[in-house]
Amino acid sequence: MNRLSEICVPILYENEVLGIIDSEHSQKGFFTTHHLQLLTNIAFNIANKLVEITNKNALRKNKIELANTIQNLKGAQLDALRSQMNPHFIFNSLNSIENFILKNEKLIASEYLGKFSKLIRNILDNSKSEKIALEKEIETLQLYIELERIRTNNKFEVIFEIPDNILADNIMLPPMLMQPHAENAILHGLRHLEDKKGKLTVSINITNDECLEYTLEDNGIGRKKSMAQKSFNSFTHKSYGIDITKNRIDLYNQKNNINITYKIIDLYDGANKPVGTKIVIIIPLLQN
């Protein structure tokens with residue numbers, strides 16, 4: 001068995017290492033200076049965020065408060081950034097761009113690179129805010145899903161069922177709530193379909209009790225079969241996105257005294273055969 005190649009970039013704040021962005025790949029010598037530069041830029045932006053919300057006066061006045069703040073940042077915002085745009089997706093995207101170029105598919109490579117650059121900018125911008133506009137959330141999710149569609153050679157279709165009046169209402173919510181679930185649906189559900197075309201549906205509605213119902217549904221192989229397949233693959237990357245999203249929601253609820261909830265529903269047909277997964281996030285609407 002070949003030794004895995006690995007890349008690590010420290011996240012530094014005042015010469016203190018707060019964390020490490022790391023990734024590995026089964027192909028020896030896979031990572032290049034481009035990968036290193038990209039991760040270095042991401043680590044730099046994370047460090048800038050820390051500088052923005054912690055200052056030297058607060059450090060001198062209250063070391064305990066600063067320690068709690070840093071702990072929250074490490075546990076929520078930094079992990080949230082990694083889940084929103086984890087190194088595996090970045091490296092897969094760069095590899096896809098390289099493959100398009102090698103195949104002389106320059107137009108596709110150019111389109112992919114343009115969308116990828118815009119997605120990176122959106123994520124870095126969104127990471128600076130505790131809440132973002134629903135319209136921005138959907139735009140970022142659309143970019144991510146479209147990149148995965150291109151990368152998987154249009155293995156699935158996507159449908160967005162979102163009324164224009166809801167997007168125009170300036171509704172605010174925590175950033176990138178649905179992306180980890182979309183990633184799981186695509187990589188572990190839709191990608192393994194063999195007998196039908198994959199389908200991913202994103203819908204948003206306002207409930208009678210004035211809550212935003214944010215839903216993602218796929219017609220993939222289901223969680224049970226997906227986990228069974230992963231157990232046979234020792235190189236499968238373990239996704240922490242769902243756990244991180246739950247932690248982010250818990251922290252957000254505590255800070256804002258609201259109750260955002262979400263649930264994962266396994267879908268079955270009449271013969272009790274798995275036919276996909278549905279994610280439902282319920283967000284109480286607040287005065288902005």
# chains A, B, ... in the order shown; residues from 1 in each chain; ligands from 1
>>> residues_around(residues="Leu134 in chain A", least_positions_apart="6", cutoff="8 Å", atoms="only C-alpha atoms", output="list in words")
Leu167, Asn170, Ile171, Met172 and Leu173 of chain A
>>> write_last_selection(atoms="all heavy atoms", output="PDB file, in the first residue's frame")
ATOM      1  N   LEU A 167     -37.299  35.513  -0.976  1.00  0.00           N
ATOM      2  CA  LEU A 167     -35.942  36.026  -1.127  1.00  0.00           C
ATOM      3  C   LEU A 167     -35.887  37.537  -0.957  1.00  0.00           C
ATOM      4  O   LEU A 167     -34.881  38.086  -0.510  1.00  0.00           O
ATOM      5  CB  LEU A 167     -35.374  35.640  -2.494  1.00  0.00           C
ATOM      6  CG  LEU A 167     -35.054  34.160  -2.721  1.00  0.00           C
ATOM      7  CD1 LEU A 167     -34.510  33.950  -4.123  1.00  0.00           C
ATOM      8  CD2 LEU A 167     -34.067  33.642  -1.690  1.00  0.00           C
ATOM      9  N   ASN A 170     -35.649  40.000   2.904  1.00  0.00           N
ATOM     10  CA  ASN A 170     -34.470  40.309   3.718  1.00  0.00           C
ATOM     11  C   ASN A 170     -34.403  39.445   4.975  1.00  0.00           C
ATOM     12  O   ASN A 170     -34.084  39.915   6.067  1.00  0.00           O
ATOM     13  CB  ASN A 170     -34.439  41.795   4.098  1.00  0.00           C
ATOM     14  CG  ASN A 170     -33.063  42.220   4.598  1.00  0.00           C
ATOM     15  OD1 ASN A 170     -32.042  41.687   4.179  1.00  0.00           O
ATOM     16  ND2 ASN A 170     -33.033  43.170   5.516  1.00  0.00           N
ATOM     17  N   ILE A 171     -34.705  38.184   4.837  1.00  0.00           N
ATOM     18  CA  ILE A 171     -34.619  37.246   5.948  1.00  0.00           C
ATOM     19  C   ILE A 171     -33.148  36.911   6.202  1.00  0.00           C
ATOM     20  O   ILE A 171     -32.387  36.666   5.273  1.00  0.00           O
ATOM     21  CB  ILE A 171     -35.403  35.956   5.628  1.00  0.00           C
ATOM     22  CG1 ILE A 171     -36.900  36.282   5.519  1.00  0.00           C
ATOM     23  CG2 ILE A 171     -35.167  34.883   6.687  1.00  0.00           C
ATOM     24  CD1 ILE A 171     -37.744  35.136   5.013  1.00  0.00           C
ATOM     25  N   MET A 172     -32.750  36.918   7.483  1.00  0.00           N
ATOM     26  CA  MET A 172     -31.374  36.645   7.868  1.00  0.00           C
ATOM     27  C   MET A 172     -31.285  35.301   8.577  1.00  0.00           C
ATOM     28  O   MET A 172     -32.191  34.917   9.318  1.00  0.00           O
ATOM     29  CB  MET A 172     -30.840  37.756   8.786  1.00  0.00           C
ATOM     30  CG  MET A 172     -31.005  39.163   8.230  1.00  0.00           C
ATOM     31  SD  MET A 172     -29.988  39.457   6.744  1.00  0.00           S
ATOM     32  CE  MET A 172     -28.349  39.527   7.476  1.00  0.00           C
ATOM     33  N   LEU A 173     -30.179  34.587   8.338  1.00  0.00           N
ATOM     34  CA  LEU A 173     -29.987  33.282   8.957  1.00  0.00           C
ATOM     35  C   LEU A 173     -28.489  32.995   9.043  1.00  0.00           C
ATOM     36  O   LEU A 173     -27.690  33.628   8.354  1.00  0.00           O
ATOM     37  CB  LEU A 173     -30.704  32.198   8.167  1.00  0.00           C
ATOM     38  CG  LEU A 173     -30.145  31.762   6.805  1.00  0.00           C
ATOM     39  CD1 LEU A 173     -30.817  30.469   6.370  1.00  0.00           C
ATOM     40  CD2 LEU A 173     -30.345  32.829   5.734  1.00  0.00           C
TER      41      LEU A 173
END
>>> residues_around(residues="Asn184 in chain A", least_positions_apart="3", cutoff="12 Å", atoms="only C-alpha atoms", output="JSON, numbers by chain")
{"A": [83, 89, 145, 148, 178, 179, 180, 181, 187, 188, 189, 190, 191, 192, 200, 216, 217, 218, 220, 221, 222, 223, 226, 227, 237, 238, 239, 240, 241, 242, 264, 276, 277, 278, 279]}
>>> atom_distance(atom1="CA of Glu146 in chain A", atom2="CA of Phe116 in chain A")
9.6 Å
>>> closest_residue(among="A:Leu251, A:Asn219, A:Val9, A:Leu119", to="Asp266 in chain A", atoms="only C-alpha atoms")
A:Asn219
>>> closest_residue(among="A:Leu141, A:Ile162, A:Ile21, A:Leu147", to="Leu212 in chain A", atoms="only C-alpha atoms")
A:Ile162
>>> residues_around(residues="Pro10 in chain A", least_positions_apart="4", cutoff="10 Å", atoms="only C-alpha atoms", output="count of residues only")
11
>>> residues_around(residues="Pro175 in chain A", least_positions_apart="4", cutoff="9 Å", atoms="only C-alpha atoms", output="list in words")
Ile123, Asn126, Ser127, Ser129, Glu130, Lys131, Ile132, Ala133, Leu134, Lys136 and Glu137 of chain A
>>> write_last_selection(atoms="C-alpha atoms", output="PDB file, in the first residue's frame")
ATOM      1  CA  ILE A 123     -17.642  31.711   1.724  1.00  0.00           C
ATOM      2  CA  ASN A 126     -20.041  34.944   4.723  1.00  0.00           C
ATOM      3  CA  SER A 127     -17.630  33.744   7.404  1.00  0.00           C
ATOM      4  CA  SER A 129     -20.916  37.523   9.682  1.00  0.00           C
ATOM      5  CA  GLU A 130     -23.012  35.643  12.192  1.00  0.00           C
ATOM      6  CA  LYS A 131     -26.043  36.108   9.929  1.00  0.00           C
ATOM      7  CA  ILE A 132     -26.375  36.600   6.189  1.00  0.00           C
ATOM      8  CA  ALA A 133     -29.294  37.316   3.868  1.00  0.00           C
ATOM      9  CA  LEU A 134     -31.265  34.300   2.663  1.00  0.00           C
ATOM     10  CA  LYS A 136     -26.831  35.145  -0.303  1.00  0.00           C
ATOM     11  CA  GLU A 137     -27.217  31.741   1.354  1.00  0.00           C
TER      12      GLU A 137
END
>>> closest_residue(among="A:Thr261, A:Ile206, A:His34, A:Phe160", to="Asn247 in chain A", atoms="only C-alpha atoms")
A:Thr261
>>> select_by_dssp(residues="range 85-179 of chain A", states="strand (DSSP E)", output="ChimeraX atom specification")
/A:132-133,156-161,172-173
>>> closest_residue(among="A:Val275, A:Ile138, A:Leu143, A:Ala168", to="Leu193 in chain A", atoms="only C-alpha atoms")
A:Val275
>>> select_by_dssp(residues="range 122-208 of chain A", states="alpha helix (DSSP H)", output="MDAnalysis selection string")
chainID A and resid 122:126 134:151 164:167 179:184
>>> atom_distance(atom1="CA of Arg248 in chain A", atom2="CA of Lys263 in chain A")
14.7 Å
>>> closest_residue(among="A:Tyr268, A:Glu161, A:Lys118, A:Asn153", to="Phe100 in chain A", atoms="only C-alpha atoms")
A:Asn153
